[in-house]
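One structure below.
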Amino acid sequence: MRKGEQTRQEIIRKAAPIFNQKGYEGAALSDLMRATGVKKGGICRHFESKQELAGDAFDHAWKIAMDTRFEGTEKIPNTVDRLKQIVRNFRDRRGGLVPGGCPLLNTAIDTDDGNPKLRAKARQAMSSLLDRLQSIVEEGERKGEVRSTVQSAKLATLITSTLEGSFMVSRLQRNEEPLNLACHHLEEYLETKVRMRKSKSGARNS
């Protein structure tokens, strides 16, 4: 990697927490300069606009979030157990995330009434998360681990909405209980409504 690209990536890495904590409008140029240690001219050499830097910073933060949420799940053979681990990762593995919490939730709220480019980034990120969850459910259906009555797209939406919504409530209340309740509910739901059960005869019961 060339020095110029290394500098660019370092600016993105250091700017990501500022945007994730303060939002696009709240992240002043002075904040970005202070966090990155790069003057205005240096930032402008690497990015055509604040918008471009914000978009790249979101991509950086979101990749870390996705890697963390799916960490270790590829080693789990059963798809329902994989989904349960994703739920646990969302609750338990937040230490390595970009400061400020979930970049998807933050950016979606921040761009609700404006900034269509960043909003498009958030929508794309949401689609990537839903698609990945949906593919796990569909794999489970093919392997006979997930009940045939389960609709993969709806389950992916349910998991995502429950986790993101409960996290928002926990942040507002400064209390982990809403998130813990939501995760417990999802784990129970995956066991009782999603996992394929075998009857005493050995036949799978949907």
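Order determines the names: the first chain of the structure tokens is A, the second B, and so forth; residues in each chain are numbered 1 upward, and ligands are numbered 1 upward as they are shown.
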Could you make a table, as a tab-separated table, of the residues of region 92-143 of chain A that have an atom within 8 Å of an atom of region 7-22 of chain A, each with its nearest atom pair and distance in Å to one decimal, counting only C-alpha atoms, in chain and number order?
residue	atom	partner	partner_atom	distance
A:Val98	CA	A:Pro17	CA	5.7
A:Pro99	CA	A:Pro17	CA	5.3
A:Gly100	CA	A:Gln21	CA	4.5
A:Gly101	CA	A:Asn20	CA	7.4
A:Pro103	CA	A:Asn20	CA	5.9
A:Asn106	CA	A:Asn20	CA	6.5
A:Thr107	CA	A:Asn20	CA	7.4
Taking only chain A into account, list the residues labelled strand (DSSP E or B) by DSSP (computed from the backbone), as a list in words.
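Strand (DSSP E or B) members of chain A, listed: Val146, Arg195, Arg197, Lys198, Arg204 and Asn205 of chain A.
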May I have the selected residues written with N, CA, C and O atoms, as a PDB file, in the first residue's frame?
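Result file follows (out-v7.pdb):
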ATOM      1  N   VAL A 146     -34.213 -26.003   9.807  1.00  0.00           N
ATOM      2  CA  VAL A 146     -35.187 -24.937  10.012  1.00  0.00           C
ATOM      3  C   VAL A 146     -36.544 -25.402   9.489  1.00  0.00           C
ATOM      4  O   VAL A 146     -36.630 -26.035   8.427  1.00  0.00           O
ATOM      5  N   ARG A 195     -36.320 -23.875  14.960  1.00  0.00           N
ATOM      6  CA  ARG A 195     -35.566 -25.132  14.873  1.00  0.00           C
ATOM      7  C   ARG A 195     -36.488 -26.304  14.542  1.00  0.00           C
ATOM      8  O   ARG A 195     -37.542 -26.466  15.150  1.00  0.00           O
ATOM      9  N   ARG A 197     -37.689 -29.944  14.779  1.00  0.00           N
ATOM     10  CA  ARG A 197     -37.630 -30.955  15.827  1.00  0.00           C
ATOM     11  C   ARG A 197     -37.838 -32.346  15.240  1.00  0.00           C
ATOM     12  O   ARG A 197     -38.550 -32.503  14.259  1.00  0.00           O
ATOM     13  N   LYS A 198     -37.221 -33.334  15.851  1.00  0.00           N
ATOM     14  CA  LYS A 198     -37.428 -34.705  15.443  1.00  0.00           C
ATOM     15  C   LYS A 198     -38.454 -35.361  16.351  1.00  0.00           C
ATOM     16  O   LYS A 198     -38.412 -35.183  17.578  1.00  0.00           O
ATOM     17  N   ARG A 204     -38.572 -35.824  10.995  1.00  0.00           N
ATOM     18  CA  ARG A 204     -38.486 -34.386  11.307  1.00  0.00           C
ATOM     19  C   ARG A 204     -39.888 -33.820  11.395  1.00  0.00           C
ATOM     20  O   ARG A 204     -40.729 -34.063  10.550  1.00  0.00           O
ATOM     21  N   ASN A 205     -40.089 -32.984  12.433  1.00  0.00           N
ATOM     22  CA  ASN A 205     -41.412 -32.406  12.683  1.00  0.00           C
ATOM     23  C   ASN A 205     -41.351 -30.902  12.460  1.00  0.00           C
ATOM     24  O   ASN A 205     -40.662 -30.188  13.175  1.00  0.00           O
TER      25      ASN A 205
END
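Using only C-alpha atoms, the protein and nucleic acid residues lying no more than 9 Å from Leu158 (chain A), apart from those fewer than 5 places from it along its own chain, are Ala153, Leu163 and Leu186 of chain A.
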Grab the residues selected above and save them as a PDB file, in the first residue's frame with N, CA and C atoms.
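Produced file selection-v4.pdb, reproduced below:
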ATOM      1  N   ALA A 153     -37.032 -14.303   4.755  1.00  0.00           N
ATOM      2  CA  ALA A 153     -36.923 -12.837   4.724  1.00  0.00           C
ATOM      3  C   ALA A 153     -37.556 -12.224   5.970  1.00  0.00           C
ATOM      4  N   LEU A 163     -33.097  -6.667  17.486  1.00  0.00           N
ATOM      5  CA  LEU A 163     -31.784  -6.315  18.039  1.00  0.00           C
ATOM      6  C   LEU A 163     -31.536  -4.808  17.977  1.00  0.00           C
ATOM      7  N   LEU A 186     -35.292 -13.712  21.421  1.00  0.00           N
ATOM      8  CA  LEU A 186     -34.904 -14.241  20.114  1.00  0.00           C
ATOM      9  C   LEU A 186     -34.340 -15.656  20.232  1.00  0.00           C
TER      10      LEU A 186
END
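Counting only C-alpha atoms, Gly96 (chain A) has the following residues at most 9 Å away, ignoring those fewer than 5 positions along the same chain: A:Ile64, A:Ala65, A:Thr68.
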Can I get the residues of region 82-191 of chain A within 9 Å of region 24-29 of chain A, each with the closest pair of atoms and their distance in Å to one decimal, using only C-alpha atoms, sorted chain first then ascending number, as a tab-separated table?
residue	atom	partner	partner_atom	distance
A:Thr107	CA	A:Tyr24	CA	8.4
A:Asp110	CA	A:Tyr24	CA	7.3
A:Thr111	CA	A:Tyr24	CA	8.2
A:Asn115	CA	A:Tyr24	CA	8.7
A:Leu118	CA	A:Tyr24	CA	8.8
Considering only C-alpha atoms, tabulate each residue of region 33-99 of chain A that lies at most 12 Å from region 123-134 of chain A along with its nearest interatomic pair and the corresponding distance in Å to one decimal; arrange the rows by chain and ascending residue number and present them as CSV.
residue,atom,partner,partner_atom,distance
A:Gly55,CA,A:Ala125,CA,11.7
A:Phe58,CA,A:Ala125,CA,9.6
A:Asp59,CA,A:Ala125,CA,8.5
A:His60,CA,A:Ala125,CA,11.5
A:Ala61,CA,A:Ala125,CA,10.9
A:Trp62,CA,A:Ala125,CA,7.5
A:Lys63,CA,A:Ala125,CA,9.3
A:Ala65,CA,A:Leu129,CA,10.4
A:Met66,CA,A:Leu129,CA,7.7
A:Asp67,CA,A:Leu129,CA,11.0
A:Arg69,CA,A:Leu129,CA,9.9
A:Phe70,CA,A:Arg132,CA,9.7
A:Thr73,CA,A:Leu133,CA,11.6
A:Thr79,CA,A:Leu133,CA,10.0
A:Val80,CA,A:Leu133,CA,10.8
A:Arg82,CA,A:Leu133,CA,9.8
A:Leu83,CA,A:Leu133,CA,7.7
A:Lys84,CA,A:Leu133,CA,11.2
A:Gln85,CA,A:Leu133,CA,11.9
A:Ile86,CA,A:Leu133,CA,9.2
A:Val87,CA,A:Leu133,CA,11.0
Could you pull out all residues of region 93-157 of chain A with a DSSP call of alpha helix (DSSP H) and give them as an MDAnalysis selection string?
chainID A and resid 103:110 116:143 152:157
Nearest to Arg88 (chain A), chosen from A:Lys75, A:Lys193, A:Lys39, A:His184, with only C-alpha atoms counted in the distances:
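For Arg88 (chain A), the nearest of the given residues is A:His184.
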Give me the residues within 12 Å of region 165-173 of chain A as a count of residues only, counting only C-alpha atoms and dropping any in the same chain fewer than 2 places off.
33
Suppose you want the space between CA of Lys117 (chain A) and CA of Val38 (chain A); what is it in Å?
24.8 Å
CA of Asp113 (chain A) to CA of His46 (chain A), distance in Å rounded to a single decimal
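One can read the CA of Asp113 (chain A) to CA of His46 (chain A) distance as 28.1 Å.
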Gap from CA of Lys143 (chain A) to CA of Gly72 (chain A) - Å, one decimal
20.2 Å
